[in-house]
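Undergrad: The structure under discussion is supplied below as structure tokens; questions concerning it will follow.
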Amino acid sequence: MYKTPVSNRLHIGIFGKRNTGKSSLINAITGQDAAIVSETPGTTTDPVYKSMEILPIGPCILIDTAGIDDAGLLGEERVKRTQKVLRKTDVGIVVVEPSTDIDKFENDLIDNFVSKKLPYVFVLNKCELEGGVSRRYLIEKNIPFIEVSAKLNIGIEALKQKIMDLAPSHWSPVPLVADIIDEKDIVVLVCPIDSAMPQGRLILPQVQVMRDILDRNAIAVVTKETELKKSIDTLKKPAKLVITDSQVFETVRDILPEDYPLTSFSTVFARHKGDLDAFVQGVSAVEKLEDGDEILIAEACTHHVQPEDIGRTKIPTWLLNYTKKDLHYEIAAGGDFPEDLKRFKLIISCGGCMVNRREIMHRIERAKVYGVAITNYGILMAYLSGILNRVIAPFK
Ligand SMILES: Nc1nc2c(ncn2[C@@H]2O[C@H](COP(=O)(O)OP(=O)(O)O)[C@@H](O)[C@H]2O)c(=O)[nH]1
Ligand code: SF4
Ligand SMILES: [Mg+2]
């Protein structure tokens with residue numbers, strides 16, 4: 001079964017004090033009893049991510065921020081956890097109920113949404129209960145809200161429609177290649193099959209690019225590097241673009257004429273998941289590195305660390321060979337990103353395959369605030385091997 005990758009789903013962050021009905025609301029939205037509704041406050045203490053398809057929203061992730069309420073955590077820890085969820089959030093929902101005050105907790109959330117330019121809406125849950133302090137407050141302060149009863153299933157459709165309206169156009173990632181090819185164009189994909197490949201299938205980035213090409217009504221030709229020459233020779237007219245795995249870049253370059261449009265999967269994804277211009281600009285900081293400089297390797301998930309891990313082993317080795325400098329590395333894993341970035345000379349972000357674009361853009365924005373150069377694995381590799389100009393040319 002084809003599943004929409006986590007990272008391409010709309011992330012809906014559901015905030016609110018305990019017992020306002022966050023879990024009940026999630027059940028009502030999804031129409032199933034999957035989220036745990038408990039009568040005792042605070043049974044769940046960690047945000048819960050639920051992937052689902054909701055009509056008419058499509059693939060999305062509901063984040064139940066149970067445990068990040070006003071009573072469960074001390075101020076500082078709450079701020080930290082809230083920020084972590086906010087970095088992934090595309091649309092914010094704050095659940096309140098008629099009889100509980102709206103106070104600093106909810107107002108801090110509004111401040112966060114505003115400063116992060118995140119669209120949000122309040123849900124006045126338990127709306128079948130008349131009157132109430134929070135209803136008055138919402139009206140007085142002109143806070144956008146929808147009246148819902150998770151229990152009686154009132155207002156749920158209106159809420160879904162509202163989420164649709166709020167979904168920012170930039171939550172949907174930048175296209176992979178659809179915008180740089182035309183209908184009926186031929187795109188050749190070079191996919192080496194080595195021992196690192198999974199048994200019996202291609203990997204997700206390759207499949208996603210193929211799908212993007214097909215959606216554009218263009219033609220994908222898939223080949224290993226060993227059959228590339230034959231594939232190209234067989235074509236009646238040159239391909240619009242060749243996209244190769246970076247590992248066989250040199251082989252592919254030697255086969256193709258010098259002016260043949262060529263890029264790599266990692267370049268396609270650097271743009272799709274981040275900001276190609278920012279990464280290209282950032283990578284030039286490599287030339288200015290000095291002994292003792294600090295470099296941040298920013299991994300977006302807690303992946304299984306491999307012996308020849310790219311961030312932990314390969315990149316430090318390549319940079320040592322290239323710069324001959326004694327560089328120091330700090331690794332931020334699992335979405336933890338240091339608050340203060342001043343001490344770094346360069347930030348190298350992972351490919352971000354498991355996270356949404358917003359999370360990578362958040363890092364880029366933060367790096368800009370601190371004036372620190374930022375690039376990503378793929379762009380750094382292309383730069384160090386002297387092929388950067390060629391792989392970014394098709395996107396200009
Ligand atoms: N009257 C009423 N009670 C509700 C409604 N939604 C949830 N509740 C009740 O409020 C309590 C807290 O709900 P829960 O979903 O666990 O809140 P959470 O702590 O925010 O996840 C439970 O006893 C629910 O049955 C509603 O629309 N109306
Ligand atoms: S590249 Fe993908 S698997 Fe690796 S750390 Fe980043 S998000 Fe995780
Ligand atoms: Mg709950």
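By convention in this document, the chains of the structure tokens carry letters A, B, ... by their order, each chain's residues are numbered from 1, and ligands are numbered from 1 in the order they are shown.
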Write out as a short mmCIF file (atom, residue, chain, number, x, y, z; two decimals) with N, CA and C atoms, in the first residue's frame which residues come within 6 Å of range 132-137 of chain A when counting only C-alpha atoms, dropping same-chain ones fewer than 2 positions away.

TA:
```
data_model
loop_
_atom_site.label_atom_id
_atom_site.label_comp_id
_atom_site.auth_asym_id
_atom_site.auth_seq_id
_atom_site.Cartn_x
_atom_site.Cartn_y
_atom_site.Cartn_z
N PRO A 98 -16.42 26.01 28.03
CA PRO A 98 -17.13 27.18 28.55
C PRO A 98 -16.76 27.58 29.97
N SER A 99 -16.60 26.60 30.85
CA SER A 99 -16.51 26.96 32.27
C SER A 99 -15.08 27.20 32.76
N ASP A 101 -11.48 29.33 32.63
CA ASP A 101 -10.92 30.62 32.21
C ASP A 101 -9.93 30.48 31.06
N ILE A 102 -9.93 31.48 30.22
CA ILE A 102 -8.85 31.61 29.24
C ILE A 102 -7.87 32.60 29.85
N ILE A 139 -15.43 36.21 22.57
CA ILE A 139 -16.19 37.22 21.83
C ILE A 139 -15.62 38.61 22.09
N GLU A 140 -15.37 38.90 23.38
CA GLU A 140 -14.83 40.21 23.74
C GLU A 140 -13.51 40.51 23.06
N LYS A 141 -12.63 39.50 23.05
CA LYS A 141 -11.28 39.72 22.52
C LYS A 141 -11.19 39.48 21.02
#
```

Undergrad: DSSP on the backbone, then: every residue of range 132-376 of chain A marked strand (DSSP E or B), written as a ChimeraX atom specification.

TA: /A:145-147,149,154,186-190,219-223,241-244,262-264,294-298,328-332,344-349,373-376

Undergrad: Give the residues close to ligand 1, within 7 Å, counting only C-alpha atoms and all ligand atoms; write them as JSON, numbers by chain.

TA: {"A": [16, 17, 18, 19, 20, 21, 22, 23, 24, 25, 37, 38, 39, 41, 42, 66, 125, 126, 127, 128, 129, 148, 149, 150, 151, 152]}

Undergrad: Keeping C-alpha atoms, export the residues of the selection given above as a tab-separated table (two decimals), in the first residue's frame.

TA:
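Contents of again-v4.tsv, freshly written:
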```tsv
chain	number	residue	atom	x	y	z
A	16	GLY	CA	-5.39	23.21	25.39
A	17	LYS	CA	-5.64	22.74	29.11
A	18	ARG	CA	-6.36	19.26	30.42
A	19	ASN	CA	-9.96	18.10	30.32
A	20	THR	CA	-11.00	20.68	27.75
A	21	GLY	CA	-11.57	17.71	25.42
A	22	LYS	CA	-8.51	17.43	23.14
A	23	SER	CA	-8.66	13.65	22.98
A	24	SER	CA	-12.44	13.66	22.54
A	25	LEU	CA	-12.07	16.19	19.74
A	37	VAL	CA	-10.20	9.63	26.36
A	38	SER	CA	-9.74	9.50	30.05
A	39	GLU	CA	-11.80	10.78	32.91
A	41	PRO	CA	-6.68	14.38	34.17
A	42	GLY	CA	-3.17	13.95	32.87
A	66	ALA	CA	-1.54	16.13	26.26
A	125	ASN	CA	-15.67	22.54	23.00
A	126	LYS	CA	-18.64	21.35	25.10
A	127	CYS	CA	-20.66	24.04	23.37
A	128	GLU	CA	-23.89	22.39	24.43
A	129	LEU	CA	-23.12	23.82	27.87
A	148	VAL	CA	-17.98	22.32	18.85
A	149	SER	CA	-19.30	19.49	20.93
A	150	ALA	CA	-17.05	16.50	20.64
A	151	LYS	CA	-19.54	14.56	22.68
A	152	LEU	CA	-22.63	15.35	20.57
```

Undergrad: Kindly provide, as a VMD selection string, all nucleotide and amino acid residues lying within 8 Å of ligand 2, counting only C-alpha atoms and all ligand atoms.

TA: chain A and resid 298 to 303 333 to 334 349 to 355

Undergrad: For the residues selected in the previous step, produce a file with all heavy atoms as a JSON list (two decimals), in the first residue's frame.

TA:
```json
[["chain", "number", "residue", "atom", "x", "y", "z"],
["A", 298, "ALA", "N", 22.92, 18.88, 12.24],
["A", 298, "ALA", "CA", 21.54, 18.87, 12.73],
["A", 298, "ALA", "C", 20.74, 17.75, 12.09],
["A", 298, "ALA", "O", 20.36, 17.83, 10.93],
["A", 298, "ALA", "CB", 20.90, 20.23, 12.46],
["A", 299, "GLU", "N", 20.51, 16.71, 12.85],
["A", 299, "GLU", "CA", 19.70, 15.60, 12.37],
["A", 299, "GLU", "C", 18.26, 15.83, 12.81],
["A", 299, "GLU", "O", 18.02, 16.23, 13.94],
["A", 299, "GLU", "CB", 20.22, 14.28, 12.95],
["A", 299, "GLU", "CG", 21.61, 13.93, 12.45],
["A", 299, "GLU", "CD", 22.20, 12.71, 13.14],
["A", 299, "GLU", "OE1", 21.65, 12.31, 14.20],
["A", 299, "GLU", "OE2", 23.18, 12.17, 12.65],
["A", 300, "ALA", "N", 17.33, 15.53, 11.93],
["A", 300, "ALA", "CA", 15.94, 15.86, 12.24],
["A", 300, "ALA", "C", 15.19, 14.73, 12.91],
["A", 300, "ALA", "O", 14.08, 14.89, 13.37],
["A", 300, "ALA", "CB", 15.22, 16.28, 10.96],
["A", 301, "CYS", "N", 15.77, 13.54, 12.97],
["A", 301, "CYS", "CA", 15.06, 12.45, 13.63],
["A", 301, "CYS", "C", 16.08, 11.58, 14.36],
["A", 301, "CYS", "O", 17.28, 11.73, 14.18],
["A", 301, "CYS", "CB", 14.27, 11.62, 12.63],
["A", 301, "CYS", "SG", 15.26, 10.44, 11.70],
["A", 302, "THR", "N", 15.58, 10.68, 15.17],
["A", 302, "THR", "CA", 16.49, 9.75, 15.85],
["A", 302, "THR", "C", 16.60, 8.50, 14.98],
["A", 302, "THR", "O", 15.92, 7.52, 15.23],
["A", 302, "THR", "CB", 15.94, 9.36, 17.23],
["A", 302, "THR", "OG1", 14.57, 9.05, 17.06],
["A", 302, "THR", "CG2", 16.10, 10.47, 18.23],
["A", 303, "HIS", "N", 17.37, 8.58, 13.94],
["A", 303, "HIS", "CA", 17.52, 7.42, 13.07],
["A", 303, "HIS", "C", 18.55, 6.49, 13.69],
["A", 303, "HIS", "O", 19.29, 6.87, 14.61],
["A", 303, "HIS", "CB", 17.98, 7.86, 11.68],
["A", 303, "HIS", "CG", 19.37, 8.45, 11.68],
["A", 303, "HIS", "ND1", 19.71, 9.51, 12.49],
["A", 303, "HIS", "CD2", 20.48, 8.12, 11.01],
["A", 303, "HIS", "CE1", 20.98, 9.80, 12.30],
["A", 303, "HIS", "NE2", 21.48, 8.97, 11.41],
["A", 333, "ALA", "N", 20.36, 15.79, 17.60],
["A", 333, "ALA", "CA", 19.58, 14.68, 17.03],
["A", 333, "ALA", "C", 18.13, 14.75, 17.46],
["A", 333, "ALA", "O", 17.79, 15.40, 18.44],
["A", 333, "ALA", "CB", 20.18, 13.35, 17.44],
["A", 334, "GLY", "N", 17.30, 14.08, 16.70],
["A", 334, "GLY", "CA", 15.90, 13.92, 17.11],
["A", 334, "GLY", "C", 15.13, 15.21, 17.18],
["A", 334, "GLY", "O", 14.22, 15.35, 17.99],
["A", 349, "SER", "N", 22.55, 20.71, 7.93],
["A", 349, "SER", "CA", 21.28, 20.03, 8.20],
["A", 349, "SER", "C", 21.24, 18.71, 7.44],
["A", 349, "SER", "O", 21.79, 18.59, 6.35],
["A", 349, "SER", "CB", 20.12, 20.92, 7.76],
["A", 349, "SER", "OG", 18.91, 20.21, 7.77],
["A", 350, "CYS", "N", 20.57, 17.72, 8.00],
["A", 350, "CYS", "CA", 20.38, 16.45, 7.29],
["A", 350, "CYS", "C", 19.40, 16.68, 6.15],
["A", 350, "CYS", "O", 18.87, 17.77, 5.97],
["A", 350, "CYS", "CB", 19.85, 15.40, 8.25],
["A", 350, "CYS", "SG", 18.12, 15.67, 8.71],
["A", 351, "GLY", "N", 19.11, 15.63, 5.40],
["A", 351, "GLY", "CA", 18.19, 15.75, 4.27],
["A", 351, "GLY", "C", 16.74, 15.99, 4.70],
["A", 351, "GLY", "O", 15.92, 16.41, 3.90],
["A", 352, "GLY", "N", 16.44, 15.69, 5.94],
["A", 352, "GLY", "CA", 15.09, 15.96, 6.45],
["A", 352, "GLY", "C", 14.01, 15.05, 5.88],
["A", 352, "GLY", "O", 12.85, 15.44, 5.81],
["A", 353, "CYS", "N", 14.40, 13.81, 5.52],
["A", 353, "CYS", "CA", 13.42, 12.95, 4.85],
["A", 353, "CYS", "C", 12.23, 12.61, 5.75],
["A", 353, "CYS", "O", 11.16, 12.30, 5.24],
["A", 353, "CYS", "CB", 14.09, 11.68, 4.35],
["A", 353, "CYS", "SG", 14.84, 10.69, 5.65],
["A", 354, "MET", "N", 12.40, 12.65, 7.06],
["A", 354, "MET", "CA", 11.32, 12.24, 7.96],
["A", 354, "MET", "C", 10.52, 13.41, 8.53],
["A", 354, "MET", "O", 9.64, 13.21, 9.35],
["A", 354, "MET", "CB", 11.90, 11.43, 9.14],
["A", 354, "MET", "CG", 12.69, 10.22, 8.76],
["A", 354, "MET", "SD", 11.70, 9.02, 7.86],
["A", 354, "MET", "CE", 10.71, 8.39, 9.21],
["A", 355, "VAL", "N", 10.84, 14.61, 8.14],
["A", 355, "VAL", "CA", 10.15, 15.76, 8.74],
["A", 355, "VAL", "C", 9.53, 16.63, 7.65],
["A", 355, "VAL", "O", 9.82, 16.45, 6.46],
["A", 355, "VAL", "CB", 11.10, 16.62, 9.61],
["A", 355, "VAL", "CG1", 11.63, 15.80, 10.77],
["A", 355, "VAL", "CG2", 12.25, 17.18, 8.78]]
```

Undergrad: Which is closest to Gln208 in chain A among A:Pro175, A:Gly92, A:Lys230, A:Gly75, if we use only C-alpha atoms?

TA: A:Pro175

Undergrad: Find the residues near Gly378 in chain A: any atom within 8 Å, counting only C-alpha atoms, skip ones fewer than 3 places away on the same chain, and give them as a list in words.

TA: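 The residues satisfying every condition are Ser266, Thr267, Ala270, Gly351, Met381 and Ala382 of chain A.
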
Undergrad: Find the residues near Val252 in chain A: any atom within 9 Å, counting only C-alpha atoms, skip ones fewer than 2 places away on the same chain, and give them as a ChimeraX atom specification.

TA: /A:190,225,228-229,244,248-250,254-256,262

Undergrad: From the set A:Gln306, A:Thr313, A:Asn376, A:Asn27, which residue has the shortest atom-to-atom contact distance to Ala196 in chain A, counting only C-alpha atoms?

TA: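 So, comparing all the options, the nearest one is A:Gln306.
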
Undergrad: For CA of His328 in chain A and CA of Arg343 in chain A, determine how far apart the two atoms are, in Å to one decimal place.

TA: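 For CA of His328 in chain A relative to CA of Arg343 in chain A, the distance reads 11.0 Å.
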
Undergrad: Between A:Leu138, A:Ile392, A:Ile243, A:Ala158, which residue has the minimum interatomic distance to Asn107 in chain A, considering only C-alpha atoms?

TA: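 When distances to Asn107 in chain A are compared using only C-alpha atoms, the smallest one comes from A:Leu138.
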
Undergrad: So, with only C-alpha atoms and all ligand atoms as the atoms that count, which of A:Val95, A:Ile374, A:Ile54, A:Ile181 lies closest to ligand 3?

TA: A:Val95

Undergrad: Let me make sure I understand: among A:Ile163, A:Thr30, A:Glu77, A:Val48, which one has the smallest atom-to-atom distance to ligand 3 if we use only C-alpha atoms and all ligand atoms?

TA: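 Closest candidate: A:Val48.
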
Undergrad: Could you pull the residues within 12 Å of Thr82 in chain A, counting only C-alpha atoms, minus those fewer than 2 positions along the same chain, as a PyMOL selection string?

TA: chain A and resi 13-16+46-47+63-70+73-80+84-89+92+105-106+108-109+112-113

Undergrad: Given the selection you just returned, output its residues as a file containing N, CA, C and O atoms, formatted as a CSV table (one decimal), in the first residue's frame.

TA:
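Wrote out_36.csv, looks like this:
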```csv
chain,number,residue,atom,x,y,z
A,13,GLY,N,-1.6,20.9,15.1
A,13,GLY,CA,-1.2,20.9,16.6
A,13,GLY,C,-2.5,21.2,17.4
A,13,GLY,O,-3.1,22.3,17.2
A,14,ILE,N,-2.8,20.3,18.3
A,14,ILE,CA,-4.0,20.6,19.1
A,14,ILE,C,-3.6,20.8,20.6
A,14,ILE,O,-3.0,20.0,21.2
A,15,PHE,N,-3.8,22.1,21.0
A,15,PHE,CA,-3.3,22.5,22.3
A,15,PHE,C,-4.5,22.8,23.2
A,15,PHE,O,-5.7,22.9,22.7
A,16,GLY,N,-4.3,22.9,24.5
A,16,GLY,CA,-5.4,23.2,25.4
A,16,GLY,C,-5.1,22.6,26.8
A,16,GLY,O,-4.4,21.7,26.9
A,46,ASP,N,2.9,12.9,27.1
A,46,ASP,CA,3.7,13.3,25.9
A,46,ASP,C,2.8,13.5,24.7
A,46,ASP,O,1.8,12.9,24.5
A,47,PRO,N,3.2,14.4,23.9
A,47,PRO,CA,2.5,14.7,22.6
A,47,PRO,C,2.3,13.3,21.9
A,47,PRO,O,3.2,12.6,21.8
A,63,ILE,N,-1.7,16.3,16.3
A,63,ILE,CA,-0.8,16.2,17.4
A,63,ILE,C,-1.5,16.5,18.7
A,63,ILE,O,-2.0,17.7,18.9
A,64,ASP,N,-1.8,15.5,19.5
A,64,ASP,CA,-2.4,15.7,20.8
A,64,ASP,C,-1.4,16.1,21.8
A,64,ASP,O,-0.5,15.3,22.2
A,65,THR,N,-1.4,17.3,22.2
A,65,THR,CA,-0.3,17.8,23.1
A,65,THR,C,-0.6,17.6,24.6
A,65,THR,O,-0.3,18.4,25.4
A,66,ALA,N,-1.3,16.5,24.9
A,66,ALA,CA,-1.5,16.1,26.3
A,66,ALA,C,-0.3,16.3,27.0
A,66,ALA,O,0.8,15.9,26.6
A,67,GLY,N,-0.3,16.8,28.2
A,67,GLY,CA,0.9,17.0,29.0
A,67,GLY,C,1.5,18.3,28.9
A,67,GLY,O,2.3,18.7,29.7
A,68,ILE,N,1.2,19.1,27.9
A,68,ILE,CA,1.7,20.4,27.8
A,68,ILE,C,0.6,21.4,28.2
A,68,ILE,O,0.3,22.3,27.4
A,69,ASP,N,0.1,21.2,29.3
A,69,ASP,CA,-1.0,22.2,29.7
A,69,ASP,C,-0.4,23.1,30.8
A,69,ASP,O,0.8,23.1,31.1
A,70,ASP,N,-1.3,23.8,31.4
A,70,ASP,CA,-0.8,24.8,32.4
A,70,ASP,C,-0.4,24.2,33.7
A,70,ASP,O,0.4,24.8,34.5
A,73,LEU,N,3.3,20.8,33.7
A,73,LEU,CA,4.7,21.0,33.6
A,73,LEU,C,5.2,22.4,34.1
A,73,LEU,O,4.4,23.3,34.1
A,74,LEU,N,6.4,22.4,34.6
A,74,LEU,CA,6.9,23.7,35.1
A,74,LEU,C,7.2,24.6,33.8
A,74,LEU,O,7.4,24.1,32.7
A,75,GLY,N,7.1,25.9,34.1
A,75,GLY,CA,7.1,26.8,33.0
A,75,GLY,C,8.1,26.5,31.9
A,75,GLY,O,7.8,26.4,30.7
A,76,GLU,N,9.4,26.4,32.3
A,76,GLU,CA,10.5,26.3,31.3
A,76,GLU,C,10.3,25.0,30.4
A,76,GLU,O,10.5,25.1,29.2
A,77,GLU,N,10.0,23.9,31.1
A,77,GLU,CA,9.9,22.7,30.4
A,77,GLU,C,8.7,22.7,29.4
A,77,GLU,O,8.7,22.2,28.3
A,78,ARG,N,7.6,23.4,29.9
A,78,ARG,CA,6.5,23.5,29.0
A,78,ARG,C,6.8,24.3,27.8
A,78,ARG,O,6.4,24.0,26.7
A,79,VAL,N,7.5,25.4,28.0
A,79,VAL,CA,7.9,26.3,26.8
A,79,VAL,C,8.7,25.4,25.8
A,79,VAL,O,8.4,25.5,24.6
A,80,LYS,N,9.6,24.7,26.3
A,80,LYS,CA,10.5,23.9,25.5
A,80,LYS,C,9.7,22.9,24.6
A,80,LYS,O,9.8,22.7,23.4
A,84,LYS,N,8.8,22.7,20.6
A,84,LYS,CA,9.1,21.5,19.8
A,84,LYS,C,7.9,21.1,18.9
A,84,LYS,O,8.1,20.8,17.7
A,85,VAL,N,6.7,21.2,19.5
A,85,VAL,CA,5.5,20.9,18.7
A,85,VAL,C,5.2,22.0,17.7
A,85,VAL,O,4.9,21.7,16.5
A,86,LEU,N,5.4,23.2,18.1
A,86,LEU,CA,5.1,24.3,17.2
A,86,LEU,C,6.0,24.3,15.9
A,86,LEU,O,5.6,24.7,14.9
A,87,ARG,N,7.2,23.8,16.1
A,87,ARG,CA,8.1,23.7,14.9
A,87,ARG,C,7.6,22.8,13.8
A,87,ARG,O,7.9,23.0,12.7
A,88,LYS,N,6.7,21.9,14.2
A,88,LYS,CA,6.2,20.9,13.3
A,88,LYS,C,4.8,21.4,12.8
A,88,LYS,O,4.3,20.8,11.9
A,89,THR,N,4.2,22.3,13.6
A,89,THR,CA,2.8,22.6,13.3
A,89,THR,C,2.6,23.5,12.1
A,89,THR,O,3.3,24.4,11.9
A,92,GLY,N,-2.6,25.6,14.0
A,92,GLY,CA,-2.8,25.4,15.4
A,92,GLY,C,-4.3,25.5,15.8
A,92,GLY,O,-5.0,26.3,15.3
A,105,PHE,N,-2.0,31.0,29.6
A,105,PHE,CA,-1.7,29.8,28.9
A,105,PHE,C,-2.1,29.9,27.4
A,105,PHE,O,-1.3,29.8,26.5
A,106,GLU,N,-3.4,30.3,27.2
A,106,GLU,CA,-3.9,30.4,25.9
A,106,GLU,C,-3.3,31.6,25.2
A,106,GLU,O,-3.0,31.6,24.0
A,108,ASP,N,-0.4,33.0,25.6
A,108,ASP,CA,1.0,32.7,25.2
A,108,ASP,C,1.0,31.9,23.9
A,108,ASP,O,1.8,32.2,23.0
A,109,LEU,N,0.0,31.0,23.8
A,109,LEU,CA,-0.1,30.3,22.5
A,109,LEU,C,-0.4,31.2,21.3
A,109,LEU,O,0.2,31.1,20.3
A,112,ASN,N,2.6,33.0,20.3
A,112,ASN,CA,3.5,32.1,19.5
A,112,ASN,C,3.0,31.9,18.1
A,112,ASN,O,3.8,32.0,17.1
A,113,PHE,N,1.7,31.7,17.9
A,113,PHE,CA,1.2,31.6,16.6
A,113,PHE,C,1.4,32.8,15.7
A,113,PHE,O,1.8,32.8,14.6
```

Undergrad: What lies within 8 Å of Thr223 in chain A using only C-alpha atoms, ignoring chain neighbours under 4 positions off, as a ChimeraX atom specification?

TA: /A:188-192,227-228,231

Undergrad: So how far away is CA of Asp277 in chain A from CA of Ile348 in chain A, in Å?

TA: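 Going from CA of Ile348 in chain A over to CA of Asp277 in chain A covers 14.4 Å.
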
Undergrad: Please provide the set of residues having any atom within 12 Å of range 211-214 of chain A, restricted to only C-alpha atoms, with same-chain residues fewer than 5 positions apart removed, written as an mmCIF file with N, CA and C atoms, in the first residue's frame.

TA:
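Okay, this is what ended up in out.cif:
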```cif
data_model
loop_
_atom_site.group_PDB
_atom_site.id
_atom_site.type_symbol
_atom_site.label_atom_id
_atom_site.label_comp_id
_atom_site.auth_asym_id
_atom_site.auth_seq_id
_atom_site.Cartn_x
_atom_site.Cartn_y
_atom_site.Cartn_z
ATOM 1 N N TYR A 2 0.491 2.202 -0.822
ATOM 2 C CA TYR A 2 1.250 3.446 -0.855
ATOM 3 C C TYR A 2 0.792 4.349 0.275
ATOM 4 N N THR A 4 1.233 8.070 2.188
ATOM 5 C CA THR A 4 1.815 9.401 2.076
ATOM 6 C C THR A 4 2.881 9.536 3.153
ATOM 7 N N VAL A 174 7.595 22.501 -1.744
ATOM 8 C CA VAL A 174 7.977 22.910 -3.090
ATOM 9 C C VAL A 174 7.978 21.650 -3.957
ATOM 10 N N PRO A 175 7.590 21.747 -5.227
ATOM 11 C CA PRO A 175 7.569 20.534 -6.047
ATOM 12 C C PRO A 175 8.945 19.874 -6.108
ATOM 13 N N LEU A 176 8.951 18.628 -6.479
ATOM 14 C CA LEU A 176 10.233 17.950 -6.676
ATOM 15 C C LEU A 176 10.828 18.420 -7.999
ATOM 16 N N VAL A 177 10.191 18.024 -9.112
ATOM 17 C CA VAL A 177 10.694 18.468 -10.426
ATOM 18 C C VAL A 177 9.576 18.977 -11.331
ATOM 19 N N ALA A 178 8.326 18.841 -10.885
ATOM 20 C CA ALA A 178 7.188 19.137 -11.765
ATOM 21 C C ALA A 178 7.254 20.535 -12.377
ATOM 22 N N ASP A 179 7.841 21.482 -11.661
ATOM 23 C CA ASP A 179 7.856 22.853 -12.159
ATOM 24 C C ASP A 179 9.008 23.129 -13.120
ATOM 25 N N ILE A 180 9.943 22.198 -13.257
ATOM 26 C CA ILE A 180 11.051 22.462 -14.190
ATOM 27 C C ILE A 180 10.999 21.523 -15.397
ATOM 28 N N ILE A 181 9.926 20.749 -15.508
ATOM 29 C CA ILE A 181 9.742 19.925 -16.709
ATOM 30 C C ILE A 181 8.369 20.223 -17.308
ATOM 31 N N ASP A 182 8.180 19.799 -18.546
ATOM 32 C CA ASP A 182 6.899 20.007 -19.209
ATOM 33 C C ASP A 182 6.263 18.662 -19.531
ATOM 34 N N GLU A 183 4.979 18.720 -19.895
ATOM 35 C CA GLU A 183 4.290 17.517 -20.348
ATOM 36 C C GLU A 183 5.085 16.839 -21.455
ATOM 37 N N LYS A 184 5.110 15.534 -21.439
ATOM 38 C CA LYS A 184 5.760 14.697 -22.466
ATOM 39 C C LYS A 184 7.290 14.756 -22.444
ATOM 40 N N ASP A 185 7.845 15.551 -21.558
ATOM 41 C CA ASP A 185 9.308 15.538 -21.408
ATOM 42 C C ASP A 185 9.772 14.172 -20.903
ATOM 43 N N ILE A 186 10.997 13.818 -21.284
ATOM 44 C CA ILE A 186 11.578 12.579 -20.772
ATOM 45 C C ILE A 186 12.584 12.925 -19.679
ATOM 46 N N VAL A 187 12.444 12.266 -18.539
ATOM 47 C CA VAL A 187 13.390 12.454 -17.438
ATOM 48 C C VAL A 187 14.015 11.094 -17.132
ATOM 49 N N VAL A 188 15.335 11.048 -17.164
ATOM 50 C CA VAL A 188 16.027 9.783 -16.918
ATOM 51 C C VAL A 188 16.489 9.740 -15.461
ATOM 52 N N LEU A 189 16.120 8.685 -14.773
ATOM 53 C CA LEU A 189 16.498 8.524 -13.369
ATOM 54 C C LEU A 189 17.548 7.430 -13.264
ATOM 55 N N LEU A 204 12.162 5.459 -1.198
ATOM 56 C CA LEU A 204 11.087 6.441 -1.263
ATOM 57 C C LEU A 204 11.403 7.685 -2.108
ATOM 58 N N PRO A 205 12.581 8.308 -1.960
ATOM 59 C CA PRO A 205 12.836 9.497 -2.783
ATOM 60 C C PRO A 205 12.735 9.214 -4.287
ATOM 61 N N GLN A 206 13.201 8.046 -4.701
ATOM 62 C CA GLN A 206 13.126 7.689 -6.124
ATOM 63 C C GLN A 206 11.665 7.544 -6.551
ATOM 64 N N ILE A 219 7.484 11.698 -18.829
ATOM 65 C CA ILE A 219 7.876 10.296 -18.967
ATOM 66 C C ILE A 219 9.130 10.022 -18.144
ATOM 67 N N ALA A 220 9.051 9.023 -17.277
ATOM 68 C CA ALA A 220 10.217 8.664 -16.466
ATOM 69 C C ALA A 220 10.884 7.428 -17.059
ATOM 70 N N VAL A 221 12.173 7.543 -17.326
ATOM 71 C CA VAL A 221 12.958 6.399 -17.780
ATOM 72 C C VAL A 221 13.897 6.036 -16.630
ATOM 73 N N VAL A 222 13.797 4.813 -16.142
ATOM 74 C CA VAL A 222 14.596 4.422 -14.976
ATOM 75 C C VAL A 222 15.673 3.433 -15.405
ATOM 76 N N LYS A 240 14.998 15.741 -21.038
ATOM 77 C CA LYS A 240 14.944 17.093 -20.470
ATOM 78 C C LYS A 240 15.903 17.210 -19.291
ATOM 79 N N LEU A 241 16.049 16.081 -18.594
ATOM 80 C CA LEU A 241 16.848 16.104 -17.365
ATOM 81 C C LEU A 241 17.268 14.686 -17.011
ATOM 82 N N ILE A 243 18.460 12.670 -13.565
ATOM 83 C CA ILE A 243 18.590 12.792 -12.108
ATOM 84 C C ILE A 243 19.290 11.536 -11.605
ATOM 85 N N VAL A 268 17.453 17.716 -5.629
ATOM 86 C CA VAL A 268 15.998 17.833 -5.776
ATOM 87 C C VAL A 268 15.343 17.954 -4.398
ATOM 88 N N HIS A 272 13.176 20.783 -2.291
ATOM 89 C CA HIS A 272 11.837 20.337 -1.892
ATOM 90 C C HIS A 272 11.628 20.496 -0.386
#
```
